[in-house]
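work.cif follows; it contains mmCIF, C-alpha atoms; chains and numbers go by the auth columns.
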data_run
#
loop_
_atom_site.group_PDB
_atom_site.id
_atom_site.type_symbol
_atom_site.label_atom_id
_atom_site.label_comp_id
_atom_site.label_asym_id
_atom_site.label_seq_id
_atom_site.Cartn_x
_atom_site.Cartn_y
_atom_site.Cartn_z
_atom_site.B_iso_or_equiv
_atom_site.auth_seq_id
_atom_site.auth_asym_id
ATOM 1 C CA ILE A 1 87.332 152.578 71.712 0.00 1 A
ATOM 2 C CA LEU A 2 85.457 151.223 74.717 0.00 2 A
ATOM 3 C CA ILE A 3 81.971 152.721 74.924 0.00 3 A
ATOM 4 C CA ASP A 4 79.886 151.631 77.913 0.00 4 A
ATOM 5 C CA GLY A 5 82.203 148.669 78.282 0.00 5 A
ATOM 6 C CA ALA A 6 81.842 147.534 74.660 0.00 6 A
ATOM 7 C CA LEU A 7 84.703 147.778 72.155 0.00 7 A
ATOM 8 C CA GLN A 8 83.696 149.735 69.050 0.00 8 A
ATOM 9 C CA ASN A 9 85.554 150.752 65.897 0.00 9 A
ATOM 10 C CA LEU A 10 84.940 154.397 65.041 0.00 10 A
ATOM 11 C CA ASP A 11 85.293 156.013 61.628 0.00 11 A
ATOM 12 C CA PHE A 12 87.441 159.155 61.886 0.00 12 A
ATOM 13 C CA SER A 13 87.639 159.762 58.141 0.00 13 A
ATOM 14 C CA SER A 14 85.754 163.038 58.659 0.00 14 A
ATOM 15 C CA GLY A 15 87.979 163.979 61.602 0.00 15 A
ATOM 16 C CA SER A 16 85.411 163.502 64.357 0.00 16 A
ATOM 17 C CA VAL A 17 82.647 161.283 65.687 0.00 17 A
ATOM 18 C CA GLU A 18 79.675 162.806 67.487 0.00 18 A
ATOM 19 C CA PHE A 19 77.682 161.359 70.364 0.00 19 A
ATOM 20 C CA HIS A 20 74.835 162.789 72.443 0.00 20 A
ATOM 21 C CA ASN A 21 76.924 164.869 74.865 0.00 21 A
ATOM 22 C CA LEU A 22 80.371 164.300 73.453 0.00 22 A
ATOM 23 C CA VAL A 23 82.393 164.798 70.283 0.00 23 A
ATOM 24 C CA ILE A 24 85.606 162.810 69.765 0.00 24 A
ATOM 25 C CA GLU A 25 88.057 164.480 67.397 0.00 25 A
ATOM 26 C CA ARG A 26 91.266 163.118 65.913 0.00 26 A
ATOM 27 C CA GLU A 27 94.079 165.397 64.802 0.00 27 A
ATOM 28 C CA LEU A 28 97.374 164.464 63.178 0.00 28 A
ATOM 29 C CA ASN A 29 100.361 166.107 64.806 0.00 29 A
ATOM 30 C CA GLN A 30 103.672 165.933 62.942 0.00 30 A
ATOM 31 C CA LYS A 31 106.360 165.852 65.612 0.00 31 A
ATOM 32 C CA VAL A 32 110.105 165.657 65.098 0.00 32 A
ATOM 33 C CA MET A 33 111.968 163.486 67.593 0.00 33 A
ATOM 34 C CA GLY A 34 115.463 162.097 67.294 0.00 34 A
ATOM 35 C CA GLY A 35 115.900 163.653 63.863 0.00 35 A
ATOM 36 C CA THR A 36 112.911 161.857 62.376 0.00 36 A
ATOM 37 C CA GLU A 37 109.349 162.997 61.914 0.00 37 A
ATOM 38 C CA ASP A 38 106.695 160.934 63.649 0.00 38 A
ATOM 39 C CA GLU A 39 102.999 160.959 62.869 0.00 39 A
ATOM 40 C CA ILE A 40 101.231 161.224 66.200 0.00 40 A
ATOM 41 C CA TYR A 41 97.475 161.269 66.505 0.00 41 A
ATOM 42 C CA ILE A 42 95.899 163.384 69.217 0.00 42 A
ATOM 43 C CA PHE A 43 92.403 162.456 70.317 0.00 43 A
ATOM 44 C CA TYR A 44 90.218 165.168 71.813 0.00 44 A
ATOM 45 C CA MET A 45 87.042 164.540 73.775 0.00 45 A
ATOM 46 C CA ARG A 46 84.922 167.682 73.648 0.00 46 A
ATOM 47 C CA PHE A 47 82.051 167.759 76.111 0.00 47 A
ATOM 48 C CA ARG A 48 79.136 170.097 75.551 0.00 48 A
ATOM 49 C CA ARG A 49 79.458 171.695 78.991 0.00 49 A
ATOM 50 C CA GLY A 50 82.789 173.280 78.051 0.00 50 A
ATOM 51 C CA ILE A 51 85.414 170.632 78.813 0.00 51 A
ATOM 52 C CA ARG A 52 87.978 169.441 76.277 0.00 52 A
ATOM 53 C CA VAL A 53 90.379 166.595 77.048 0.00 53 A
ATOM 54 C CA GLY A 54 93.276 165.767 74.732 0.00 54 A
ATOM 55 C CA ILE A 55 95.138 162.450 74.836 0.00 55 A
ATOM 56 C CA ARG A 56 98.130 161.279 72.831 0.00 56 A
ATOM 57 C CA LEU A 57 100.695 158.526 73.145 0.00 57 A
ATOM 58 C CA SER A 58 104.192 159.577 72.153 0.00 58 A
ATOM 59 C CA LYS A 59 107.407 157.650 72.723 0.00 59 A
ATOM 60 C CA LYS A 60 106.103 155.551 75.641 0.00 60 A
ATOM 61 C CA ILE A 61 104.536 158.556 77.382 0.00 61 A
ATOM 62 C CA LEU A 62 100.804 159.152 77.671 0.00 62 A
ATOM 63 C CA LEU A 63 100.167 162.892 77.539 0.00 63 A
ATOM 64 C CA ILE A 64 96.893 164.369 78.746 0.00 64 A
ATOM 65 C CA GLN A 65 95.836 167.994 78.435 0.00 65 A
ATOM 66 C CA LEU A 66 92.713 169.612 79.783 0.00 66 A
ATOM 67 C CA GLU A 67 90.900 172.759 78.723 0.00 67 A
ATOM 68 C CA ILE A 68 87.904 174.030 80.652 0.00 68 A
ATOM 69 C CA ASP A 69 85.528 176.910 80.129 0.00 69 A
ATOM 70 C CA SER A 70 85.650 179.952 82.415 0.00 70 A
ATOM 71 C CA GLY A 71 82.270 178.870 83.731 0.00 71 A
ATOM 72 C CA PHE A 72 84.101 176.306 85.867 0.00 72 A
ATOM 73 C CA ARG A 73 85.871 179.023 87.856 0.00 73 A
ATOM 74 C CA ASN A 74 85.675 178.127 91.566 0.00 74 A
ATOM 75 C CA GLY A 75 84.339 174.739 90.538 0.00 75 A
ATOM 76 C CA THR A 76 87.424 172.506 90.501 0.00 76 A
ATOM 77 C CA LEU A 77 89.310 170.625 93.212 0.00 77 A
ATOM 78 C CA GLY A 78 91.760 167.767 93.459 0.00 78 A
ATOM 79 C CA LEU A 79 94.346 167.039 90.795 0.00 79 A
ATOM 80 C CA LEU A 80 93.007 169.882 88.652 0.00 80 A
ATOM 81 C CA GLY A 81 93.859 172.409 91.310 0.00 81 A
ATOM 82 C CA THR A 82 91.511 175.193 92.345 0.00 82 A
ATOM 83 C CA PHE A 83 90.465 177.392 89.422 0.00 83 A
ATOM 84 C CA ASN A 84 90.276 180.743 91.223 0.00 84 A
ATOM 85 C CA ASP A 85 93.549 182.599 90.397 0.00 85 A
ATOM 86 C CA ASN A 86 94.857 181.895 93.917 0.00 86 A
ATOM 87 C CA GLN A 87 98.036 179.814 93.713 0.00 87 A
ATOM 88 C CA ASN A 88 98.102 179.211 97.467 0.00 88 A
ATOM 89 C CA ASP A 89 95.172 176.791 97.551 0.00 89 A
ATOM 90 C CA GLU A 90 95.900 174.461 94.639 0.00 90 A
ATOM 91 C CA PHE A 91 96.359 171.359 96.793 0.00 91 A
ATOM 92 C CA VAL A 92 93.119 171.007 98.728 0.00 92 A
ATOM 93 C CA LEU A 93 92.206 167.669 100.301 0.00 93 A
ATOM 94 C CA PRO A 94 88.754 166.110 99.912 0.00 94 A
ATOM 95 C CA ASN A 95 87.917 167.424 103.404 0.00 95 A
ATOM 96 C CA GLY A 96 88.593 171.011 102.280 0.00 96 A
ATOM 97 C CA THR A 97 91.917 171.641 104.024 0.00 97 A
ATOM 98 C CA VAL A 98 95.035 172.807 102.169 0.00 98 A
ATOM 99 C CA PHE A 99 97.529 169.941 102.157 0.00 99 A
ATOM 100 C CA ILE A 100 100.716 171.552 100.845 0.00 100 A
ATOM 101 C CA SER A 101 101.862 174.979 99.752 0.00 101 A
ATOM 102 C CA GLY A 102 105.062 176.867 99.038 0.00 102 A
ATOM 103 C CA ALA A 103 108.305 175.061 99.878 0.00 103 A
ATOM 104 C CA SER A 104 106.437 171.916 100.961 0.00 104 A
ATOM 105 C CA GLN A 105 105.598 171.105 97.326 0.00 105 A
ATOM 106 C CA THR A 106 108.156 168.296 97.126 0.00 106 A
ATOM 107 C CA ASP A 107 107.738 165.307 94.831 0.00 107 A
ATOM 108 C CA GLN A 108 107.071 163.110 97.845 0.00 108 A
ATOM 109 C CA ASN A 109 104.318 165.402 99.151 0.00 109 A
ATOM 110 C CA LEU A 110 102.760 165.717 95.710 0.00 110 A
ATOM 111 C CA HIS A 111 102.631 161.922 95.537 0.00 111 A
ATOM 112 C CA LEU A 112 100.930 161.729 98.938 0.00 112 A
ATOM 113 C CA TYR A 113 98.473 164.407 97.859 0.00 113 A
ATOM 114 C CA GLY A 114 97.546 162.401 94.786 0.00 114 A
ATOM 115 C CA LEU A 115 96.873 159.344 96.934 0.00 115 A
ATOM 116 C CA HIS A 116 94.253 161.310 98.873 0.00 116 A
ATOM 117 C CA TRP A 117 92.322 161.732 95.616 0.00 117 A
ATOM 118 C CA ARG A 118 92.669 158.134 94.443 0.00 118 A
ATOM 119 C CA THR A 119 89.315 156.807 93.291 0.00 119 A
ATOM 120 C CA GLN A 120 87.637 153.872 94.953 0.00 120 A
ATOM 121 C CA GLU A 121 85.973 151.058 93.071 0.00 121 A
ATOM 122 C CA ILE A 122 82.552 152.355 94.067 0.00 122 A
ATOM 123 C CA SER A 123 83.330 155.899 92.853 0.00 123 A
ATOM 124 C CA SER A 124 85.146 155.091 89.603 0.00 124 A
ATOM 125 C CA LEU A 125 83.435 156.333 86.438 0.00 125 A
ATOM 126 C CA PHE A 126 85.171 153.759 84.258 0.00 126 A
ATOM 127 C CA LYS A 127 83.677 150.530 83.025 0.00 127 A
ATOM 128 C CA TYR A 128 85.831 147.458 82.525 0.00 128 A
ATOM 129 C CA ASP A 129 85.638 144.383 80.344 0.00 129 A
ATOM 130 C CA GLY A 130 85.470 140.897 81.792 0.00 130 A
ATOM 131 C CA THR A 131 89.242 140.533 82.153 0.00 131 A
ATOM 132 C CA GLN A 132 89.864 143.728 84.131 0.00 132 A
ATOM 133 C CA SER A 133 88.500 145.556 87.134 0.00 133 A
ATOM 134 C CA TRP A 134 89.310 148.600 89.233 0.00 134 A
ATOM 135 C CA SER A 135 91.379 146.397 91.539 0.00 135 A
ATOM 136 C CA SER A 136 93.360 144.735 88.752 0.00 136 A
ATOM 137 C CA ILE A 137 94.631 148.011 87.258 0.00 137 A
ATOM 138 C CA ASN A 138 95.310 149.857 90.532 0.00 138 A
ATOM 139 C CA ASN A 139 98.683 149.034 92.051 0.00 139 A
ATOM 140 C CA LEU A 140 98.197 150.237 95.612 0.00 140 A
ATOM 141 C CA THR A 141 101.835 149.554 96.541 0.00 141 A
ATOM 142 C CA PHE A 142 103.412 151.506 93.672 0.00 142 A
ATOM 143 C CA VAL A 143 105.924 154.194 94.675 0.00 143 A
ATOM 144 C CA PRO A 144 107.219 156.430 91.850 0.00 144 A
ATOM 145 C CA LEU A 145 110.778 157.553 91.274 0.00 145 A
ATOM 146 C CA PHE A 146 111.496 160.848 93.045 0.00 146 A
ATOM 147 C CA PHE A 147 113.973 163.326 91.597 0.00 147 A
ATOM 148 C CA ASN A 148 117.166 164.057 93.523 0.00 148 A
ATOM 149 C CA PRO A 149 119.172 167.162 92.488 0.00 149 A
ATOM 150 C CA ASN A 150 122.281 165.263 93.583 0.00 150 A
ATOM 151 C CA LEU A 151 122.836 163.565 90.234 0.00 151 A
ATOM 152 C CA THR A 152 125.421 161.190 91.688 0.00 152 A
ATOM 153 C CA ALA A 153 122.714 159.764 93.937 0.00 153 A
ATOM 154 C CA PHE A 154 119.936 160.035 91.360 0.00 154 A
ATOM 155 C CA ILE A 155 121.928 158.383 88.551 0.00 155 A
ATOM 156 C CA PRO A 156 124.625 156.261 90.261 0.00 156 A
ATOM 157 C CA ASN A 157 126.108 154.908 87.023 0.00 157 A
ATOM 158 C CA ALA A 158 128.789 157.425 85.985 0.00 158 A
ATOM 159 C CA THR A 159 128.538 156.642 82.260 0.00 159 A
ATOM 160 C CA ILE A 160 124.765 157.037 82.192 0.00 160 A
ATOM 161 C CA ARG A 161 124.994 160.168 84.357 0.00 161 A
ATOM 162 C CA ARG A 162 127.493 161.711 81.925 0.00 162 A
ATOM 163 C CA TYR A 163 125.194 160.889 79.013 0.00 163 A
ATOM 164 C CA ALA A 164 122.217 162.421 80.832 0.00 164 A
ATOM 165 C CA GLN A 165 124.124 165.667 81.417 0.00 165 A
ATOM 166 C CA ASP A 166 125.209 165.755 77.771 0.00 166 A
ATOM 167 C CA ILE A 167 121.543 165.612 76.781 0.00 167 A
ATOM 168 C CA CYS A 168 119.997 167.863 79.399 0.00 168 A
ATOM 169 C CA TYR A 169 122.740 170.437 79.979 0.00 169 A
ATOM 170 C CA GLY A 170 125.542 170.336 77.437 0.00 170 A
ATOM 171 C CA GLU A 171 128.074 167.937 76.013 0.00 171 A
ATOM 172 C CA GLY A 172 131.050 167.442 78.320 0.00 172 A
ATOM 173 C CA LEU A 173 129.704 169.870 80.931 0.00 173 A
ATOM 174 C CA ASN A 174 128.808 169.252 84.569 0.00 174 A
ATOM 175 C CA ASP A 175 125.400 170.659 85.418 0.00 175 A
ATOM 176 C CA PRO A 176 125.629 172.969 88.481 0.00 176 A
ATOM 177 C CA THR A 177 121.847 173.352 88.793 0.00 177 A
ATOM 178 C CA PRO A 178 120.204 170.085 87.667 0.00 178 A
ATOM 179 C CA GLU A 179 116.955 170.983 89.452 0.00 179 A
ATOM 180 C CA GLN A 180 116.365 173.545 86.682 0.00 180 A
ATOM 181 C CA ARG A 181 116.291 170.674 84.174 0.00 181 A
ATOM 182 C CA LYS A 182 114.459 168.233 86.395 0.00 182 A
ATOM 183 C CA PRO A 183 111.918 166.984 83.786 0.00 183 A
ATOM 184 C CA CYS A 184 114.701 166.152 81.326 0.00 184 A
ATOM 185 C CA TYR A 185 116.749 164.167 83.851 0.00 185 A
ATOM 186 C CA PHE A 186 113.644 162.497 85.191 0.00 186 A
ATOM 187 C CA ASP A 187 112.371 161.389 81.777 0.00 187 A
ATOM 188 C CA PHE A 188 115.774 160.013 80.839 0.00 188 A
ATOM 189 C CA SER A 189 116.138 158.142 84.141 0.00 189 A
ATOM 190 C CA VAL A 190 112.730 156.528 83.750 0.00 190 A
ATOM 191 C CA THR A 191 112.898 155.661 80.043 0.00 191 A
ATOM 192 C CA PHE A 192 116.639 155.682 79.194 0.00 192 A
ATOM 193 C CA ASP A 193 115.479 157.149 75.893 0.00 193 A
ATOM 194 C CA ALA A 194 117.598 160.042 74.629 0.00 194 A
ATOM 195 C CA ASP A 195 114.890 161.138 72.174 0.00 195 A
ATOM 196 C CA ILE A 196 112.391 161.627 74.986 0.00 196 A
ATOM 197 C CA ALA A 197 114.877 163.528 77.150 0.00 197 A
ATOM 198 C CA ASN A 198 115.914 165.703 74.197 0.00 198 A
ATOM 199 C CA ASP A 199 112.305 166.472 73.390 0.00 199 A
ATOM 200 C CA THR A 200 111.622 167.360 77.023 0.00 200 A
ATOM 201 C CA GLU A 201 114.592 169.731 77.120 0.00 201 A
ATOM 202 C CA LYS A 202 113.544 171.416 73.863 0.00 202 A
ATOM 203 C CA THR A 203 110.019 171.838 75.199 0.00 203 A
ATOM 204 C CA LEU A 204 111.346 173.433 78.398 0.00 204 A
ATOM 205 C CA LYS A 205 113.405 175.916 76.384 0.00 205 A
ATOM 206 C CA THR A 206 110.385 176.772 74.239 0.00 206 A
ATOM 207 C CA ILE A 207 108.262 177.377 77.342 0.00 207 A
ATOM 208 C CA ASP A 208 111.004 179.481 78.928 0.00 208 A
ATOM 209 C CA THR A 209 111.282 181.612 75.783 0.00 209 A
ATOM 210 C CA ALA A 210 107.514 182.070 75.687 0.00 210 A
ATOM 211 C CA LYS A 211 107.463 183.173 79.335 0.00 211 A
ATOM 212 C CA LYS A 212 110.044 185.873 78.638 0.00 212 A
ATOM 213 C CA THR A 213 107.838 187.363 75.934 0.00 213 A
ATOM 214 C CA LEU A 214 104.762 187.572 78.166 0.00 214 A
#
Represent the structure from my file as structure tokens, please.
Amino acid sequence: ILIDGALQNLDFSSGSVEFHNLVIERELNQKVMGGTEDEIYIFYMRFRRGIRVGIRLSKKILLIQLEIDSGFRNGTLGLLGTFNDNQNDEFVLPNGTVFISGASQTDQNLHLYGLHWRTQEISSLFKYDGTQSWSSINNLTFVPLFFNPNLTAFIPNATIRRYAQDICYGEGLNDPTPEQRKPCYFDFSVTFDADIANDTEKTLKTIDTAKKTL
């Protein structure tokens, strides 16, 4: 782990390592993907002010989760959204104006919104070793893949498109509403990994079931 720009090996045999204002915890998460069980470590950074950040790398995807204390209500902006129970002001620009809301929350607009909150070298909190810098790891020309509910346009190859629908919707079936399974199609199109797409679809079904019980 890089600490103040210096690479250090930490001993997690006790499950955590404590610093002055931070505790780093490591948890083992047994996760089944593709019929096999993977051992995936989740690292949590627990700050004393009530912030907990979880990071794990699973099947080529870096997953980040954030938990914050209720004391931060009305104290967040940017990519975290606005923590005030008002869903109409989640996308506020640095100048305080609402950038997008409602039907304008397209992938393209969300990408543009994120660019408004891109850090600058002078404002970055990260420290880099001698081989890297803020400029070297920021690709300012990168444009992500945007989902298109027209699967013929989104996945032009008919064989791959058929395989994607088998995974995300059902074997041998044509998906009439692919936008409802957008994360599954997107993950497959980016990674071409059936395990990742399957896991995404299972997660979506679990979330949907949980919502119905609330």
Please measure the separation of atom CA of Asp107 of chain A and atom CA of Phe146 of chain A, giving the value in Å to one decimal.
6.1 Å
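Here atom CA of Asn150 of chain A stands at a distance of 16.8 Å from atom CA of Ile167 of chain A.
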Let me know the residues the PyMOL selection byres ((chain A and resi 45-48) around 6) catches in the file above, as a PyMOL selection string.
chain A and resi 21-24+44+49-53
Residues matched by the PyMOL selection byres ((chain A and resi 127-133) around 10), written as a ChimeraX atom specification:
/A:2-7,121,124-126,134-138
For segment 19-23 of chain A, take all atoms listed in the file, fit an axis-aligned box around them, add 3 Å to each of the six sides, then output centre and edge lengths in Å rounded to one decimal, as AutoDock Vina command-line options.
--center_x 78.6 --center_y 163.1 --center_z 72.6 --size_x 13.6 --size_y 9.5 --size_z 10.6
Just say which residues the PyMOL selection byres ((chain A and resi 79) around 12) picks in this file, as a PDB file with C-alpha atoms, in the coordinates of the input.
ATOM      1  CA  LEU A  66      92.713 169.612  79.783  1.00  0.00           C
ATOM      2  CA  THR A  76      87.424 172.506  90.501  1.00  0.00           C
ATOM      3  CA  LEU A  77      89.310 170.625  93.212  1.00  0.00           C
ATOM      4  CA  GLY A  78      91.760 167.767  93.459  1.00  0.00           C
ATOM      5  CA  LEU A  80      93.007 169.882  88.652  1.00  0.00           C
ATOM      6  CA  GLY A  81      93.859 172.409  91.310  1.00  0.00           C
ATOM      7  CA  THR A  82      91.511 175.193  92.345  1.00  0.00           C
ATOM      8  CA  PHE A  83      90.465 177.392  89.422  1.00  0.00           C
ATOM      9  CA  ASP A  89      95.172 176.791  97.551  1.00  0.00           C
ATOM     10  CA  GLU A  90      95.900 174.461  94.639  1.00  0.00           C
ATOM     11  CA  PHE A  91      96.359 171.359  96.793  1.00  0.00           C
ATOM     12  CA  VAL A  92      93.119 171.007  98.728  1.00  0.00           C
ATOM     13  CA  LEU A  93      92.206 167.669 100.301  1.00  0.00           C
ATOM     14  CA  PRO A  94      88.754 166.110  99.912  1.00  0.00           C
ATOM     15  CA  LEU A 110     102.760 165.717  95.710  1.00  0.00           C
ATOM     16  CA  HIS A 111     102.631 161.922  95.537  1.00  0.00           C
ATOM     17  CA  LEU A 112     100.930 161.729  98.938  1.00  0.00           C
ATOM     18  CA  TYR A 113      98.473 164.407  97.859  1.00  0.00           C
ATOM     19  CA  GLY A 114      97.546 162.401  94.786  1.00  0.00           C
ATOM     20  CA  LEU A 115      96.873 159.344  96.934  1.00  0.00           C
ATOM     21  CA  HIS A 116      94.253 161.310  98.873  1.00  0.00           C
ATOM     22  CA  TRP A 117      92.322 161.732  95.616  1.00  0.00           C
ATOM     23  CA  ARG A 118      92.669 158.134  94.443  1.00  0.00           C
ATOM     24  CA  THR A 119      89.315 156.807  93.291  1.00  0.00           C
TER      25      THR A 119
END
Separation of atom CA of Leu173 of chain A from atom CA of Ile61 of chain A, in Å and rounded to one decimal:
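Computing the Euclidean distance for atom CA of Leu173 of chain A and atom CA of Ile61 of chain A yields 27.8 Å.
Shortest separation to Leu145 of chain A among A:Arg161, A:Cys168, A:Ser189, A:Pro178 occurs at residue A:Ser189, atoms counted being all atoms listed in the file.
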Using all atoms listed in the file, can you tell me which of A:Ser16, A:Lys212, A:Ser58, A:Glu179 comes closest to Ile196 of chain A?
A:Ser58
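Using only C-alpha atoms, the shortest contact distance between Gln165 of chain A and any of A:Leu10, A:Asn148, A:Ala197, A:Ser104 is found at A:Ala197.
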Could you please fill out segment 179-200 of chain A with N, CA, C and O atoms and send it back as a PDB file, in the coordinates of the input?
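Below is the file that was written, result-v6.pdb:
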ATOM      1  N   GLU A 179     118.374 170.830  89.121  1.00  0.00           N
ATOM      2  CA  GLU A 179     116.955 170.983  89.452  1.00  0.00           C
ATOM      3  C   GLU A 179     116.234 171.855  88.427  1.00  0.00           C
ATOM      4  O   GLU A 179     115.011 171.750  88.271  1.00  0.00           O
ATOM      5  N   GLN A 180     116.981 172.710  87.706  1.00  0.00           N
ATOM      6  CA  GLN A 180     116.365 173.545  86.682  1.00  0.00           C
ATOM      7  C   GLN A 180     116.016 172.746  85.430  1.00  0.00           C
ATOM      8  O   GLN A 180     115.258 173.218  84.586  1.00  0.00           O
ATOM      9  N   ARG A 181     116.570 171.556  85.317  1.00  0.00           N
ATOM     10  CA  ARG A 181     116.291 170.674  84.174  1.00  0.00           C
ATOM     11  C   ARG A 181     115.727 169.345  84.656  1.00  0.00           C
ATOM     12  O   ARG A 181     115.933 168.300  84.058  1.00  0.00           O
ATOM     13  N   LYS A 182     115.011 169.421  85.741  1.00  0.00           N
ATOM     14  CA  LYS A 182     114.459 168.233  86.395  1.00  0.00           C
ATOM     15  C   LYS A 182     113.649 167.339  85.454  1.00  0.00           C
ATOM     16  O   LYS A 182     113.861 166.121  85.426  1.00  0.00           O
ATOM     17  N   PRO A 183     112.704 167.868  84.659  1.00  0.00           N
ATOM     18  CA  PRO A 183     111.918 166.984  83.786  1.00  0.00           C
ATOM     19  C   PRO A 183     112.774 166.198  82.798  1.00  0.00           C
ATOM     20  O   PRO A 183     112.490 165.035  82.505  1.00  0.00           O
ATOM     21  N   CYS A 184     113.828 166.828  82.284  1.00  0.00           N
ATOM     22  CA  CYS A 184     114.701 166.152  81.326  1.00  0.00           C
ATOM     23  C   CYS A 184     115.428 164.984  81.989  1.00  0.00           C
ATOM     24  O   CYS A 184     115.434 163.859  81.477  1.00  0.00           O
ATOM     25  N   TYR A 185     116.040 165.237  83.141  1.00  0.00           N
ATOM     26  CA  TYR A 185     116.749 164.167  83.851  1.00  0.00           C
ATOM     27  C   TYR A 185     115.785 163.062  84.284  1.00  0.00           C
ATOM     28  O   TYR A 185     116.105 161.877  84.220  1.00  0.00           O
ATOM     29  N   PHE A 186     114.619 163.480  84.723  1.00  0.00           N
ATOM     30  CA  PHE A 186     113.644 162.497  85.191  1.00  0.00           C
ATOM     31  C   PHE A 186     113.197 161.587  84.045  1.00  0.00           C
ATOM     32  O   PHE A 186     113.179 160.359  84.181  1.00  0.00           O
ATOM     33  N   ASP A 187     112.840 162.190  82.911  1.00  0.00           N
ATOM     34  CA  ASP A 187     112.371 161.389  81.777  1.00  0.00           C
ATOM     35  C   ASP A 187     113.449 160.429  81.293  1.00  0.00           C
ATOM     36  O   ASP A 187     113.164 159.280  80.940  1.00  0.00           O
ATOM     37  N   PHE A 188     114.699 160.894  81.281  1.00  0.00           N
ATOM     38  CA  PHE A 188     115.774 160.013  80.839  1.00  0.00           C
ATOM     39  C   PHE A 188     115.982 158.867  81.829  1.00  0.00           C
ATOM     40  O   PHE A 188     116.188 157.715  81.432  1.00  0.00           O
ATOM     41  N   SER A 189     115.915 159.169  83.124  1.00  0.00           N
ATOM     42  CA  SER A 189     116.138 158.142  84.141  1.00  0.00           C
ATOM     43  C   SER A 189     115.053 157.076  84.119  1.00  0.00           C
ATOM     44  O   SER A 189     115.314 155.909  84.420  1.00  0.00           O
ATOM     45  N   VAL A 190     113.841 157.476  83.770  1.00  0.00           N
ATOM     46  CA  VAL A 190     112.730 156.528  83.750  1.00  0.00           C
ATOM     47  C   VAL A 190     112.723 155.699  82.469  1.00  0.00           C
ATOM     48  O   VAL A 190     112.457 154.493  82.489  1.00  0.00           O
ATOM     49  N   THR A 191     113.031 156.340  81.340  1.00  0.00           N
ATOM     50  CA  THR A 191     112.898 155.661  80.043  1.00  0.00           C
ATOM     51  C   THR A 191     114.226 155.239  79.421  1.00  0.00           C
ATOM     52  O   THR A 191     114.243 154.370  78.552  1.00  0.00           O
ATOM     53  N   PHE A 192     115.329 155.882  79.823  1.00  0.00           N
ATOM     54  CA  PHE A 192     116.639 155.682  79.194  1.00  0.00           C
ATOM     55  C   PHE A 192     116.553 155.906  77.683  1.00  0.00           C
ATOM     56  O   PHE A 192     117.240 155.258  76.899  1.00  0.00           O
ATOM     57  N   ASP A 193     115.696 156.831  77.303  1.00  0.00           N
ATOM     58  CA  ASP A 193     115.479 157.149  75.893  1.00  0.00           C
ATOM     59  C   ASP A 193     115.952 158.580  75.643  1.00  0.00           C
ATOM     60  O   ASP A 193     115.351 159.536  76.137  1.00  0.00           O
ATOM     61  N   ALA A 194     117.029 158.721  74.882  1.00  0.00           N
ATOM     62  CA  ALA A 194     117.598 160.042  74.629  1.00  0.00           C
ATOM     63  C   ALA A 194     116.638 160.935  73.854  1.00  0.00           C
ATOM     64  O   ALA A 194     116.613 162.153  74.053  1.00  0.00           O
ATOM     65  N   ASP A 195     115.838 160.343  72.954  1.00  0.00           N
ATOM     66  CA  ASP A 195     114.890 161.138  72.174  1.00  0.00           C
ATOM     67  C   ASP A 195     113.867 161.811  73.081  1.00  0.00           C
ATOM     68  O   ASP A 195     113.519 162.983  72.896  1.00  0.00           O
ATOM     69  N   ILE A 196     113.380 161.066  74.064  1.00  0.00           N
ATOM     70  CA  ILE A 196     112.391 161.627  74.986  1.00  0.00           C
ATOM     71  C   ILE A 196     113.010 162.748  75.807  1.00  0.00           C
ATOM     72  O   ILE A 196     112.427 163.823  75.974  1.00  0.00           O
ATOM     73  N   ALA A 197     114.210 162.506  76.343  1.00  0.00           N
ATOM     74  CA  ALA A 197     114.877 163.528  77.150  1.00  0.00           C
ATOM     75  C   ALA A 197     115.180 164.771  76.321  1.00  0.00           C
ATOM     76  O   ALA A 197     114.995 165.901  76.781  1.00  0.00           O
ATOM     77  N   ASN A 198     115.642 164.574  75.085  1.00  0.00           N
ATOM     78  CA  ASN A 198     115.914 165.703  74.197  1.00  0.00           C
ATOM     79  C   ASN A 198     114.655 166.508  73.926  1.00  0.00           C
ATOM     80  O   ASN A 198     114.664 167.743  73.943  1.00  0.00           O
ATOM     81  N   ASP A 199     113.569 165.801  73.675  1.00  0.00           N
ATOM     82  CA  ASP A 199     112.305 166.472  73.390  1.00  0.00           C
ATOM     83  C   ASP A 199     111.822 167.250  74.604  1.00  0.00           C
ATOM     84  O   ASP A 199     111.314 168.366  74.484  1.00  0.00           O
ATOM     85  N   THR A 200     112.002 166.670  75.792  1.00  0.00           N
ATOM     86  CA  THR A 200     111.622 167.360  77.023  1.00  0.00           C
ATOM     87  C   THR A 200     112.423 168.640  77.193  1.00  0.00           C
ATOM     88  O   THR A 200     111.878 169.697  77.519  1.00  0.00           O
TER      89      THR A 200
END
